[in-house]
file protein29.cif (mmCIF, C-alpha atoms)
data_data
loop_
_atom_site.label_atom_id
_atom_site.label_comp_id
_atom_site.auth_asym_id
_atom_site.auth_seq_id
_atom_site.Cartn_x
_atom_site.Cartn_y
_atom_site.Cartn_z
CA MET A 1 40.01 -72.09 39.34
CA SER A 2 41.90 -69.01 38.26
CA SER A 3 41.05 -65.71 39.89
CA ALA A 4 40.62 -63.34 36.96
CA LEU A 5 40.25 -59.60 37.29
CA ALA A 6 36.51 -59.80 37.50
CA SER A 7 33.61 -58.47 39.54
CA PRO A 8 34.23 -56.67 42.84
CA PRO A 9 33.48 -58.86 45.89
CA SER A 10 30.13 -57.13 46.40
CA ASP A 11 28.88 -58.14 42.96
CA PRO A 12 27.45 -61.62 42.35
CA PRO A 13 29.60 -63.95 40.25
CA LEU A 14 28.43 -65.38 36.96
CA ARG A 15 26.42 -68.50 37.74
CA ILE A 16 25.31 -70.93 35.02
CA GLY A 17 23.62 -74.02 36.37
CA ARG A 18 25.86 -75.33 39.12
CA HIS A 19 28.95 -73.61 37.75
CA ILE A 20 30.24 -70.32 39.16
CA LEU A 21 32.73 -68.41 37.03
CA ALA A 22 35.13 -65.77 38.29
CA SER A 23 35.53 -64.18 34.86
CA ARG A 24 32.65 -63.11 32.64
CA LEU A 25 34.74 -63.85 29.58
CA ILE A 26 34.55 -67.34 28.05
CA VAL A 27 37.09 -68.09 25.33
CA GLY A 28 37.45 -70.67 22.62
CA THR A 29 40.43 -72.81 21.74
CA GLY A 30 40.29 -73.11 17.95
CA ARG A 31 42.01 -71.46 14.99
CA TYR A 32 45.31 -70.61 16.70
CA ASP A 33 48.55 -71.00 14.81
CA THR A 34 50.08 -73.19 17.50
CA MET A 35 49.05 -74.87 20.74
CA PRO A 36 51.56 -72.85 22.83
CA GLN A 37 50.09 -69.63 21.38
CA MET A 38 46.62 -70.80 22.41
CA GLN A 39 47.88 -71.67 25.86
CA ALA A 40 49.46 -68.24 26.37
CA SER A 41 46.32 -66.49 25.08
CA LEU A 42 44.05 -68.40 27.46
CA GLU A 43 46.26 -67.34 30.35
CA ALA A 44 46.26 -63.69 29.25
CA SER A 45 42.46 -63.63 28.87
CA GLY A 46 41.89 -64.19 32.57
CA SER A 47 39.10 -66.62 31.74
CA ASP A 48 38.45 -69.65 33.90
CA CYS A 49 36.18 -71.34 31.34
CA VAL A 50 37.22 -72.43 27.85
CA THR A 51 35.09 -74.08 25.20
CA VAL A 52 36.39 -77.02 23.19
CA ALA A 53 34.98 -79.06 20.32
CA VAL A 54 35.50 -82.39 22.04
CA ARG A 55 34.59 -84.77 19.24
CA ARG A 56 37.58 -87.04 18.91
CA GLU A 57 38.59 -85.81 15.46
CA ARG A 58 38.78 -82.23 16.78
CA LEU A 59 41.06 -82.97 19.74
CA TYR A 60 44.26 -83.21 17.68
CA ASP A 61 45.94 -80.61 15.48
CA LYS A 62 47.71 -81.29 12.18
CA THR A 63 50.93 -82.20 14.00
CA GLY A 64 49.15 -84.76 16.18
CA GLN A 65 49.20 -82.70 19.39
CA ASN A 66 46.22 -83.14 21.71
CA ILE A 67 44.62 -79.83 22.63
CA LEU A 68 43.78 -81.12 26.10
CA ASP A 69 47.50 -81.42 26.87
CA PHE A 70 47.72 -77.61 26.69
CA ILE A 71 44.73 -76.81 28.93
CA ASP A 72 45.33 -77.07 32.66
CA PRO A 73 42.30 -78.96 34.07
CA THR A 74 42.94 -77.50 37.54
CA LYS A 75 42.69 -73.95 36.18
CA TYR A 76 39.88 -74.16 33.62
CA ILE A 77 36.40 -75.59 33.44
CA LEU A 78 36.01 -77.10 30.00
CA LEU A 79 32.81 -76.25 28.16
CA PRO A 80 32.32 -78.87 25.42
CA ASN A 81 30.58 -77.60 22.30
CA THR A 82 28.82 -79.14 19.33
CA ALA A 83 30.53 -76.96 16.71
CA GLY A 84 30.08 -78.19 13.15
CA CYS A 85 26.72 -79.91 13.71
CA TYR A 86 23.83 -79.23 11.33
CA THR A 87 21.09 -81.43 12.80
CA ALA A 88 19.68 -81.97 16.27
CA THR A 89 20.60 -85.66 16.02
CA ASP A 90 24.27 -84.91 15.35
CA ALA A 91 24.40 -82.24 18.08
CA VAL A 92 22.93 -84.56 20.70
CA ARG A 93 25.37 -87.30 19.72
CA ALA A 94 28.34 -84.90 19.93
CA ALA A 95 27.20 -83.61 23.32
CA LYS A 96 26.97 -87.11 24.75
CA LEU A 97 30.40 -88.01 23.39
CA GLY A 98 31.84 -84.86 24.95
CA ARG A 99 30.28 -85.75 28.28
CA GLU A 100 31.93 -89.17 28.26
CA ILE A 101 35.34 -87.73 27.36
CA LEU A 102 35.23 -85.15 30.14
CA ARG A 103 33.96 -87.70 32.68
CA THR A 104 37.02 -89.78 31.84
CA LEU A 105 39.21 -86.73 32.49
CA GLY A 106 37.41 -85.89 35.71
CA ASN A 107 36.70 -82.33 34.56
CA PRO A 108 33.63 -80.65 36.13
CA GLY A 109 32.50 -79.47 32.71
CA ALA A 110 31.14 -82.93 31.85
CA ASP A 111 27.58 -82.00 32.82
CA TRP A 112 27.14 -79.00 30.52
CA VAL A 113 27.39 -78.21 26.83
CA LYS A 114 27.48 -75.25 24.48
CA LEU A 115 24.90 -76.19 21.88
CA GLU A 116 25.41 -75.14 18.26
CA VAL A 117 23.20 -76.40 15.45
CA LEU A 118 24.02 -74.50 12.27
CA GLY A 119 21.69 -73.79 9.38
CA ASP A 120 24.24 -73.49 6.59
CA SER A 121 27.98 -73.46 6.10
CA LYS A 122 28.25 -70.01 4.51
CA THR A 123 26.65 -67.75 7.13
CA LEU A 124 27.13 -70.16 10.07
CA LEU A 125 23.81 -68.89 11.39
CA PRO A 126 21.90 -71.28 13.67
CA ASP A 127 18.96 -73.41 12.56
CA PRO A 128 16.18 -72.30 14.94
CA ALA A 129 13.99 -75.41 14.69
CA GLU A 130 16.85 -77.92 15.06
CA THR A 131 18.38 -75.86 17.88
CA VAL A 132 15.16 -75.85 19.90
CA LYS A 133 14.73 -79.59 19.27
CA ALA A 134 18.28 -80.42 20.40
CA CYS A 135 18.06 -78.12 23.42
CA GLU A 136 14.88 -79.81 24.64
CA GLN A 137 16.40 -83.29 24.26
CA LEU A 138 19.66 -82.39 26.01
CA ALA A 139 17.93 -80.62 28.89
CA ALA A 140 15.70 -83.65 29.41
CA ASP A 141 18.83 -85.81 29.49
CA GLY A 142 20.29 -83.79 32.36
CA PHE A 143 22.62 -81.45 30.49
CA THR A 144 23.09 -77.83 31.49
CA VAL A 145 22.62 -76.33 28.02
CA LEU A 146 24.17 -73.04 26.95
CA CYS A 147 22.47 -72.37 23.66
CA TYR A 148 23.93 -70.44 20.73
CA THR A 149 21.16 -68.72 18.80
CA SER A 150 20.42 -65.78 16.54
CA ASP A 151 19.30 -62.40 17.88
CA CYS A 152 15.63 -63.35 17.43
CA PRO A 153 13.72 -62.68 20.69
CA VAL A 154 11.03 -65.28 19.87
CA THR A 155 13.59 -68.06 19.42
CA ALA A 156 15.37 -66.96 22.60
CA LEU A 157 12.12 -67.29 24.57
CA ARG A 158 11.45 -70.74 23.12
CA LEU A 159 14.92 -71.94 24.08
CA LYS A 160 14.50 -70.78 27.66
CA LYS A 161 11.08 -72.48 27.86
CA VAL A 162 12.48 -75.85 26.68
CA GLY A 163 15.23 -75.78 29.30
CA ALA A 164 18.25 -73.73 28.17
CA ALA A 165 20.29 -72.78 31.24
CA SER A 166 21.68 -69.83 29.28
CA VAL A 167 20.67 -68.31 25.96
CA MET A 168 23.62 -67.05 23.92
CA PRO A 169 22.51 -64.71 21.11
CA ALA A 170 25.03 -63.82 18.42
CA GLY A 171 26.30 -60.26 18.12
CA SER A 172 26.90 -61.03 14.43
CA PRO A 173 27.83 -64.16 12.41
CA ILE A 174 30.52 -66.46 13.80
CA GLY A 175 34.02 -65.22 13.04
CA SER A 176 32.79 -62.18 11.10
CA GLY A 177 34.28 -59.56 13.43
CA GLN A 178 31.36 -57.23 12.70
CA GLY A 179 30.62 -56.57 16.35
CA ILE A 180 27.14 -55.93 17.71
CA LEU A 181 24.97 -55.48 14.61
CA ASN A 182 21.53 -55.39 16.23
CA PRO A 183 21.63 -53.95 19.76
CA GLY A 184 17.88 -53.36 19.65
CA ASN A 185 17.09 -57.08 19.39
CA LEU A 186 19.63 -57.92 22.08
CA LYS A 187 17.94 -55.43 24.42
CA ILE A 188 14.59 -57.09 23.75
CA ILE A 189 16.06 -60.52 24.50
CA LEU A 190 17.52 -59.23 27.74
CA GLU A 191 14.18 -57.68 28.69
CA TYR A 192 12.06 -60.73 27.84
CA LEU A 193 14.28 -63.38 29.40
CA LYS A 194 15.06 -61.43 32.56
CA ASP A 195 11.60 -59.97 33.11
CA ASP A 196 10.58 -62.46 35.82
CA ASP A 197 14.05 -63.99 36.25
CA PRO A 198 16.66 -61.20 36.63
CA ASP A 199 19.49 -63.62 37.35
CA TYR A 200 18.96 -65.64 34.17
CA PRO A 201 22.37 -65.61 32.39
CA ILE A 202 22.54 -64.21 28.86
CA ILE A 203 25.91 -64.39 27.12
CA ILE A 204 26.71 -62.69 23.84
CA ASP A 205 28.31 -65.29 21.61
CA ALA A 206 30.02 -64.74 18.25
CA GLY A 207 30.90 -61.90 15.93
CA VAL A 208 32.91 -59.57 18.14
CA GLY A 209 36.10 -58.30 16.56
CA THR A 210 37.82 -56.16 19.16
CA ALA A 211 37.70 -54.97 22.75
CA SER A 212 35.17 -52.19 22.17
CA ASP A 213 32.66 -54.75 20.83
CA VAL A 214 32.96 -56.68 24.07
CA SER A 215 32.42 -53.56 26.18
CA ILE A 216 29.33 -52.64 24.16
CA ALA A 217 27.89 -56.13 24.66
CA MET A 218 28.38 -55.87 28.41
CA GLU A 219 27.03 -52.31 28.55
CA LEU A 220 23.81 -53.56 26.96
CA GLY A 221 23.34 -55.69 30.07
CA ALA A 222 24.77 -59.06 29.02
CA ASP A 223 26.12 -61.29 31.76
CA GLY A 224 29.15 -62.36 29.78
CA VAL A 225 30.76 -62.72 26.36
CA LEU A 226 32.04 -65.80 24.57
CA LEU A 227 34.56 -65.33 21.76
CA ASN A 228 37.34 -67.08 19.90
CA THR A 229 38.34 -65.75 16.47
CA ALA A 230 38.80 -62.16 17.67
CA ILE A 231 41.71 -63.38 19.78
CA ALA A 232 43.01 -66.30 17.70
CA HIS A 233 43.24 -64.30 14.46
CA ALA A 234 44.45 -61.03 15.94
CA ARG A 235 47.89 -59.86 14.85
CA ASP A 236 49.02 -60.42 18.45
CA PRO A 237 46.63 -62.95 20.05
CA VAL A 238 48.12 -62.73 23.53
CA ARG A 239 47.86 -58.94 23.64
CA MET A 240 44.30 -59.07 22.28
CA ALA A 241 43.37 -61.62 24.92
CA LYS A 242 44.58 -59.21 27.58
CA ALA A 243 42.52 -56.41 25.98
CA MET A 244 39.41 -58.60 26.02
CA LYS A 245 39.92 -59.32 29.71
CA HIS A 246 39.85 -55.63 30.53
CA ALA A 247 37.03 -54.88 28.08
CA VAL A 248 34.60 -57.29 29.71
CA ILE A 249 35.37 -55.78 33.10
CA ALA A 250 34.99 -52.20 31.86
CA GLY A 251 31.68 -52.94 30.13
CA TYR A 252 30.27 -54.75 33.13
CA GLU A 253 31.26 -51.98 35.53
CA ALA A 254 29.82 -49.33 33.20
CA ALA A 255 26.52 -51.19 32.98
CA LEU A 256 26.25 -51.34 36.75
CA ALA A 257 27.30 -47.71 37.15
CA GLY A 258 24.71 -46.43 34.67
CA ARG A 259 25.55 -44.10 31.81
CA ILE A 260 24.34 -40.52 31.71
CA PRO A 261 21.43 -39.80 29.35
CA LYS A 262 22.25 -38.65 25.86
CA ARG A 263 21.38 -34.98 25.22
CA LEU A 264 21.16 -32.94 22.08
CA TYR A 265 22.97 -29.98 23.64
CA GLY A 266 25.91 -29.62 25.96
CA THR A 267 25.50 -29.47 29.74
CA ALA A 268 28.11 -27.68 31.85
CA SER A 269 29.99 -30.02 34.13
CA SER A 270 30.96 -27.23 36.54
CA PRO A 271 28.44 -25.40 38.77
CA SER A 272 27.29 -21.99 37.58
CA GLU A 273 26.61 -20.56 41.04
CA GLY A 274 29.23 -18.26 42.50
CA VAL A 275 31.15 -17.60 39.31
CA ILE A 276 31.84 -14.14 37.95
CA SER A 277 29.75 -14.75 34.85
CA THR A 278 27.70 -17.64 33.51
CA ARG A 279 28.50 -16.58 29.96
CA PRO A 280 31.59 -18.05 28.31
CA TYR A 281 33.15 -14.65 27.61
CA GLY A 282 31.40 -12.43 30.16
CA SER A 283 28.43 -10.15 29.57
CA SER A 284 28.34 -7.34 27.02
CA ILE A 285 28.59 -4.87 29.94
CA ASP A 286 31.74 -6.51 31.27
CA ASN A 287 33.39 -6.16 27.89
CA LYS A 288 32.79 -2.40 27.56
#

call {"tool": "encode", "arguments": {"input": "protein29.cif", "output": "structure tokens"}}
result
Amino acid sequence: MSSALASPPSDPPLRIGRHILASRLIVGTGRYDTMPQMQASLEASGSDCVTVAVRRERLYDKTGQNILDFIDPTKYILLPNTAGCYTATDAVRAAKLGREILRTLGNPGADWVKLEVLGDSKTLLPDPAETVKACEQLAADGFTVLCYTSDCPVTALRLKKVGAASVMPAGSPIGSGQGILNPGNLKIILEYLKDDDPDYPIIIDAGVGTASDVSIAMELGADGVLLNTAIAHARDPVRMAKAMKHAVIAGYEAALAGRIPKRLYGTASSPSEGVISTRPYGSSIDNK
């Protein structure tokens, strides 16, 4: 596995099921202009986990190149996903196909899946009922399920109860670049799911557009961020991938450090004791 600039040695790594990740950034592999550009961006991101739509028709680009030829299996854990599925039946079928492909390749990612069951093709928002149904079936079949969902706390709780190894609420719709639209709901999800299980991994998935969005997600208390379009469609994908690497680290460190409380008025950062005057321009007597 690659050693990304990640948590200090004293901090626990990101653990999802039996997988331990050095980087808290998970990146996708779609929508790049070329395979070499994707390859360079993955390297710059510092991630050691990449998600791939592993259905056979998604493995090849328009020139016939196989995406798996550009992903070093000794450096990355592959996270197969069910992107493009609209029913639980289709998602379960895609997950099982992905498992067989990765078993053939000998990649350790064969036992887990990023579950996506979409509700419609315009918003790309998840279908809550079909997502819960698919998650329960896949968990019962032995999959470690990372489950893409909306920012609804009730749905998040249901997914955890039916066996999701990680709930992955969206910051905003897939590929929208709108960032974190509803931090209040994400805070509730973090509170509910970690209340009696503080190590339960929650990963913000979808909608981030730039590095500051990633930092905000981590500062809220998320354990990681999964993204794709924000890098692949950036003007300079490789440079953006590098920015995302640093953003996830900065946000994670800030969350652990603890921000100062917000105040209505200013508070002096220097001590007032021992100075000539505590007034900005001296007292009225001093000025006479």

call {"tool": "closest_residue", "arguments": {"input": "protein29.cif", "among": "A:Asp205, A:Asp90, A:Asp111, A:Glu219", "to": "Ile77 of chain A", "atoms": "only C-alpha atoms"}}
result
A:Asp111

call {"tool": "resolve_selection", "arguments": {"input": "protein29.cif", "expression": "the PyMOL selection byres ((chain A and resi 131) around 9)", "output": "PyMOL selection string"}}
result
chain A and resi 87-88+91+115-118+126-130+132-136+147-149+159

call {"tool": "closest_residue", "arguments": {"input": "protein29.cif", "among": "A:Leu125, A:Ala83, A:Ala234, A:Ala139", "to": "Gly177 of chain A", "atoms": "only C-alpha atoms"}}
result
A:Ala234

call {"tool": "closest_residue", "arguments": {"input": "protein29.cif", "among": "A:Val113, A:Ile203, A:Ala94, A:Cys49", "to": "Pro80 of chain A", "atoms": "all atoms listed in the file"}}
result
A:Val113

call {"tool": "atom_distance", "arguments": {"input": "protein29.cif", "atom1": "atom CA of Gly221 of chain A", "atom2": "atom CA of Lys187 of chain A"}}
result
7.8 Å

call {"tool": "resolve_selection", "arguments": {"input": "protein29.cif", "expression": "the PyMOL selection byres ((chain A and resi 233) around 12)", "output": "mmCIF file with C-alpha atoms, in the coordinates of the input"}}
result
data_model
loop_
_atom_site.group_PDB
_atom_site.id
_atom_site.type_symbol
_atom_site.label_atom_id
_atom_site.label_comp_id
_atom_site.auth_asym_id
_atom_site.auth_seq_id
_atom_site.Cartn_x
_atom_site.Cartn_y
_atom_site.Cartn_z
ATOM 1 C CA GLY A 28 37.450 -70.670 22.620
ATOM 2 C CA THR A 29 40.430 -72.810 21.740
ATOM 3 C CA GLY A 30 40.290 -73.110 17.950
ATOM 4 C CA ARG A 31 42.010 -71.460 14.990
ATOM 5 C CA TYR A 32 45.310 -70.610 16.700
ATOM 6 C CA ASP A 33 48.550 -71.000 14.810
ATOM 7 C CA THR A 34 50.080 -73.190 17.500
ATOM 8 C CA GLN A 37 50.090 -69.630 21.380
ATOM 9 C CA MET A 38 46.620 -70.800 22.410
ATOM 10 C CA SER A 41 46.320 -66.490 25.080
ATOM 11 C CA GLY A 175 34.020 -65.220 13.040
ATOM 12 C CA SER A 176 32.790 -62.180 11.100
ATOM 13 C CA GLY A 177 34.280 -59.560 13.430
ATOM 14 C CA VAL A 208 32.910 -59.570 18.140
ATOM 15 C CA GLY A 209 36.100 -58.300 16.560
ATOM 16 C CA THR A 210 37.820 -56.160 19.160
ATOM 17 C CA LEU A 227 34.560 -65.330 21.760
ATOM 18 C CA ASN A 228 37.340 -67.080 19.900
ATOM 19 C CA THR A 229 38.340 -65.750 16.470
ATOM 20 C CA ALA A 230 38.800 -62.160 17.670
ATOM 21 C CA ILE A 231 41.710 -63.380 19.780
ATOM 22 C CA ALA A 232 43.010 -66.300 17.700
ATOM 23 C CA ALA A 234 44.450 -61.030 15.940
ATOM 24 C CA ARG A 235 47.890 -59.860 14.850
ATOM 25 C CA ASP A 236 49.020 -60.420 18.450
ATOM 26 C CA PRO A 237 46.630 -62.950 20.050
ATOM 27 C CA VAL A 238 48.120 -62.730 23.530
ATOM 28 C CA ARG A 239 47.860 -58.940 23.640
ATOM 29 C CA MET A 240 44.300 -59.070 22.280
ATOM 30 C CA ALA A 241 43.370 -61.620 24.920
#

call {"tool": "closest_residue", "arguments": {"input": "protein29.cif", "among": "A:Ile204, A:Asp223, A:Leu105, A:Glu100", "to": "Leu21 of chain A", "atoms": "only C-alpha atoms"}}
result
A:Asp223

call {"tool": "atom_distance", "arguments": {"input": "protein29.cif", "atom1": "atom CA of Pro13 of chain A", "atom2": "atom CA of Ala110 of chain A"}}
result
20.8 Å

call {"tool": "residues_around", "arguments": {"input": "protein29.cif", "residues": "Arg24 of chain A", "least_positions_apart": "5", "cutoff": "10 Å", "atoms": "all atoms listed in the file", "output": "list of chain:residue names"}}
result
A:Ala4, A:Leu5, A:Ala6, A:Ser7, A:Pro13, A:Leu14, A:Arg15, A:Gly46, A:Ser47, A:Asp48, A:Cys49, A:Ile203, A:Met218, A:Ala222, A:Asp223, A:Gly224, A:Val225, A:Leu226, A:Lys245, A:Val248, A:Ile249, A:Tyr252

call {"tool": "closest_residue", "arguments": {"input": "protein29.cif", "among": "A:Gly142, A:Gly64, A:Pro73, A:Pro169", "to": "Val154 of chain A", "atoms": "all atoms listed in the file"}}
result
A:Pro169

call {"tool": "closest_residue", "arguments": {"input": "protein29.cif", "among": "A:Leu97, A:Ala211, A:Leu157, A:Leu102", "to": "Gly179 of chain A", "atoms": "only C-alpha atoms"}}
result
A:Ala211

call {"tool": "residues_around", "arguments": {"input": "protein29.cif", "residues": "segment 191-193 of chain A", "least_positions_apart": "6", "cutoff": "9 Å", "atoms": "only C-alpha atoms", "output": "NGL selection string"}}
result
:A and (153 or 156-157 or 160 or 167 or 200-202)
